[in-house]
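Down below is the structure, laid out as structure tokens.
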Amino acid sequence: MKTRQIAFPLALLLAYPIYAQSPSPLADAAGYEELPELKASEILRPDILQGANHKVREDVSPSSGANRFIIDSDFGVFEAEGNEMLIRRVNEINAIAQLKQVSRTDQFKDALAKAAKSPLAAAKSIVTDPVTTITNVPKGLGKFMKRATESVKAIGKKKESSSAEGSKAQQIIGFSDTKRKVAISLGVDPYSTNAVLQKELDGISWATFAGGLTFQVATMPIGGGAGAALTLTNVTKTFDEMLREKSPADLKIMNRKILLDVGASAADTEALLSNGAFSPTAQTAFALNLKSLDGVANRGAFVRLAAKTSSNESDAIFCVQTAALMGKLHEEGKSLARITLIGDFPICIAKDGTIIVALQWDYAAWTVRADDFAQSVHAQGKEKSSYLVCLSGDASARLHKELESRGFSVRDRLSPGPLK
């Protein structure tokens, strides 16, 4: 696994030290916890831990809010930054297996032969361009502790750069529409940065589009549809239908209206829609999750932050899932009144004055920075304010105890994903 160096500006570290949880030389002396090395076999559901085509390596390193996994598979080694990304990668590995199985059939070979004789054959080289991948940049929750200082690096071998949807020629001939439908039928994101998946999708989609191959899904993904972990439960089905039926251009039109309706400025809306970190999938999920926060003021501030600070896929997932957690709490009756920003992090204020911190966080422990964080949040409240910290993943028993002793309510596993 590649090591990523993340340097945090002093101001943000002082203001929001919990976000950068990591071992501290002061930890032992002050009685704080150090982040443990987690074991995949102890924390993951069996179907996520190991399957017919993959196995997650035993050592799992939590850092800056994300559990870091390495997955060995029949199709190579994959990294997953965070619980949500792990589910996506496992689903993608299963999808790759299905696609490769189809590619070995006589029907596929016949369809390829037919496609080679098609008037569309001249466009075939377009659909095999590698997708843009994003590497070696600070990711996810860590990004919201610092300004991006590194540029996004793209890997591509063809003269024409690749976008999530593909070239204009692909869109004109309808290939992209076919590819979206194949991906959604497999329960994977059509705009995934997984280059292995994209290559297999290209091959099957080309045979389907130009050669008349009838594609059928053998099994459904173990983690749900493409939008299951990204959007609220009550909009997931609609979300997957949108991804299948709408082009990115159509999604952008819809998302623009949603973002403007929730209070984002025109400039911030366009900045978000043009930010390459947000694939059409993430863009739509983020817009839908903000829309679900009906009546919550200052949602535009979150749009501005997401547009300004995000520069890779993990950043976008962080924004999407944090908005989803807010929506879950709002739907449960917490009656959120408004969103506000503490530095580069969004928090919520409930109508009863409760200060709510919703964190897309895989594992949290009681560290020196967590202690400072509790003090920082208290500084945001008034004498009789209540405080609620909600985590998508796990909080250590010690973190629960220490925060509760300081007047916080703590809820974890709001979105356990692959966890047992």
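Chain labels follow the order of the structure tokens: the first chain is A, the next B, and so on; residue numbering restarts at 1 in every chain, and ligands are counted from 1 in their shown order.
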
Test item: residues at most 6 Å from Val389 (chain A), only C-alpha atoms, excluding those fewer than 5 positions along its chain, as a VMD selection string: chain A and resid 356 to 357 410

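Residue nearest Glu270 (chain A) within the list A:Ser185, A:Gly381, A:Lys308, A:Asn289: A:Lys308 [criterion: smallest interatomic distance, only C-alpha atoms].
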
Shell of 10 Å around Phe75 (chain A), only C-alpha atoms, local chain residues under 3 positions omitted, as a ChimeraX atom specification: /A:53-54,72,78,93,96-97,196-197

Would you export the selected residues with C-alpha atoms as a compact mmCIF listing (two decimals), in the first residue's frame, please?
# COMPACT_ATOMS: atom_id res chain seq x y z
CA ASN A 53 -13.03 -13.89 -6.22
CA HIS A 54 -11.40 -11.94 -3.39
CA ASP A 72 -6.33 -9.58 -3.08
CA PHE A 78 -7.00 -3.30 -4.96
CA ILE A 93 -14.57 -7.44 -8.23
CA ILE A 96 -15.50 -8.07 -13.13
CA ALA A 97 -15.83 -11.83 -12.57
CA VAL A 196 -10.01 -2.94 -14.46
CA LEU A 197 -13.78 -2.69 -14.15

Contacts of Thr354 (chain A) within 6 Å, only C-alpha atoms, excl. fewer than 2 positions in-chain, as JSON, numbers by chain: {"A": [349, 350, 352, 385, 386, 387]}

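For Ala306 (chain A), the residues within 9 Å (counting only C-alpha atoms, excluding itself and residues fewer than 6 positions away along the chain) are Leu272, Asp315, Ala316 and Cys319 of chain A.
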
Taking the DSSP assignment computed from this structure's backbone, write out as a CSV table (one decimal) with C-alpha atoms, in the first residue's frame all residues of region 219-394 of chain A that belong to helix (DSSP H, G or I).
chain,number,residue,atom,x,y,z
A,233,THR,CA,-32.7,4.4,1.9
A,234,ASN,CA,-35.9,6.0,0.6
A,235,VAL,CA,-34.3,7.4,-2.6
A,236,THR,CA,-31.9,4.6,-3.5
A,237,LYS,CA,-34.2,2.9,-6.0
A,238,THR,CA,-34.9,6.2,-7.7
A,239,PHE,CA,-31.2,7.0,-7.6
A,240,ASP,CA,-30.2,3.9,-9.5
A,241,GLU,CA,-32.9,4.5,-12.0
A,242,MET,CA,-31.6,8.0,-12.6
A,243,LEU,CA,-28.1,6.7,-13.2
A,244,ARG,CA,-29.3,4.1,-15.7
A,245,GLU,CA,-31.7,6.3,-17.7
A,248,PRO,CA,-24.5,13.0,-17.3
A,249,ALA,CA,-25.7,16.1,-19.1
A,250,ASP,CA,-29.3,15.4,-18.0
A,251,LEU,CA,-28.1,14.6,-14.4
A,252,LYS,CA,-26.2,17.9,-14.4
A,253,ILE,CA,-29.4,19.8,-15.4
A,254,MET,CA,-31.3,18.1,-12.6
A,255,ASN,CA,-28.6,18.6,-10.0
A,256,ARG,CA,-28.2,22.3,-10.9
A,257,LYS,CA,-31.8,22.9,-10.1
A,258,ILE,CA,-31.6,20.9,-6.8
A,259,LEU,CA,-28.5,22.7,-5.6
A,260,LEU,CA,-29.9,26.2,-6.4
A,261,ASP,CA,-33.2,25.2,-4.7
A,266,ALA,CA,-25.0,30.1,-8.9
A,267,ALA,CA,-21.2,30.3,-8.6
A,268,ASP,CA,-20.9,27.6,-6.0
A,269,THR,CA,-23.3,25.4,-7.9
A,270,GLU,CA,-21.3,25.6,-11.1
A,271,ALA,CA,-18.1,25.1,-9.2
A,272,LEU,CA,-19.5,21.8,-7.7
A,273,LEU,CA,-20.9,20.6,-11.0
A,280,PRO,CA,-22.1,12.1,-12.1
A,281,THR,CA,-22.9,9.5,-9.4
A,282,ALA,CA,-21.4,11.4,-6.5
A,283,GLN,CA,-22.8,14.7,-7.8
A,284,THR,CA,-26.3,13.3,-7.9
A,285,ALA,CA,-26.1,11.5,-4.6
A,286,PHE,CA,-24.8,14.7,-2.9
A,287,ALA,CA,-27.6,16.8,-4.4
A,288,LEU,CA,-30.3,14.3,-3.4
A,289,ASN,CA,-29.0,14.0,0.1
A,290,LEU,CA,-29.0,17.8,0.5
A,291,LYS,CA,-32.5,17.9,-0.9
A,292,SER,CA,-33.6,15.4,1.8
A,299,ARG,CA,-27.1,24.0,2.9
A,300,GLY,CA,-25.4,26.2,0.4
A,301,ALA,CA,-22.4,26.5,2.7
A,302,PHE,CA,-21.9,22.8,2.4
A,303,VAL,CA,-22.1,23.0,-1.4
A,304,ARG,CA,-19.5,25.8,-1.3
A,305,LEU,CA,-17.2,23.8,0.9
A,306,ALA,CA,-17.5,20.6,-1.2
A,307,ALA,CA,-16.8,22.5,-4.4
A,308,LYS,CA,-13.8,24.3,-2.9
A,309,THR,CA,-12.1,21.5,-1.0
A,313,GLU,CA,-13.1,10.4,-5.3
A,314,SER,CA,-12.7,9.9,-1.5
A,315,ASP,CA,-13.3,13.6,-0.9
A,316,ALA,CA,-16.6,13.4,-2.8
A,317,ILE,CA,-17.6,10.2,-0.9
A,318,PHE,CA,-16.9,12.0,2.4
A,319,CYS,CA,-19.2,14.9,1.4
A,320,VAL,CA,-21.9,12.5,0.1
A,321,GLN,CA,-21.9,10.3,3.2
A,322,THR,CA,-21.8,13.2,5.6
A,323,ALA,CA,-24.8,14.7,4.0
A,324,ALA,CA,-26.5,11.3,4.1
A,325,LEU,CA,-25.8,11.0,7.9
A,326,MET,CA,-27.3,14.5,8.4
A,327,GLY,CA,-30.3,13.4,6.3
A,328,LYS,CA,-30.7,10.2,8.4
A,329,LEU,CA,-30.7,12.2,11.6
A,330,HIS,CA,-33.2,14.7,10.2
A,331,GLU,CA,-35.5,11.9,9.0
A,332,GLU,CA,-35.3,10.3,12.5
A,333,GLY,CA,-36.8,13.5,14.0
A,334,LYS,CA,-33.7,15.4,15.2
A,368,VAL,CA,-5.2,13.8,22.7
A,369,ARG,CA,-6.8,15.4,19.7
A,370,ALA,CA,-10.2,13.9,20.5
A,371,ASP,CA,-9.9,15.6,23.9
A,372,ASP,CA,-9.1,18.9,22.3
A,373,PHE,CA,-12.0,18.4,19.9
A,374,ALA,CA,-14.5,18.0,22.8
A,375,GLN,CA,-13.3,21.4,24.1
A,376,SER,CA,-13.6,23.0,20.7
A,377,VAL,CA,-17.2,21.8,20.2
A,378,HIS,CA,-18.1,23.0,23.7

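Between CA of Ile48 (chain A) and CA of Ile87 (chain A) the interatomic distance comes to 7.2 Å.
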
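Interatomic distance, CA of Leu213 (chain A) to CA of Val90 (chain A): 25.8 Å.
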
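In terms of minimum interatomic distance to Ala277 (chain A), A:Tyr191 ranks closest within A:Tyr191, A:Trp206, A:Phe215, A:Tyr363, counting only C-alpha atoms.
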
Point-to-point distance from CA of Gln98 (chain A) to CA of Leu120 (chain A), Å rounded to tenths: 25.5 Å

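With only C-alpha atoms taken into account, the protein and nucleic acid residues at most 10 Å from Val77 (chain A) (excluding it and anything under 2 positions from it in its own chain) are Met1, His54, Lys55, Val56, Ile70, Ile71, Asp72, Ser73, Asp74, Phe75 and Glu79 of chain A.
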
Backbone DSSP call of strand (DSSP E or B) for region 238-376 of chain A, listed as an MDAnalysis selection string: chainID A and resid 297 336:342 345:350 355:359 363:364

Shell of 12 Å around Gln216 (chain A), only C-alpha atoms, local chain residues under 4 positions omitted, as a list in words: Ala95, Gln98, Leu99, Gln101, Val102, Gln107, Phe108, Lys181, Val182, Ala183, Ile184, Ser185, Leu186, Ile204, Ser205, Thr208 and Met220 of chain A

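Nearest-residue note for Asn194 (chain A): choosing from A:Glu92, A:Asp294, A:Glu402, A:Asp177, the minimum distance belongs to A:Glu92, counting only C-alpha atoms.
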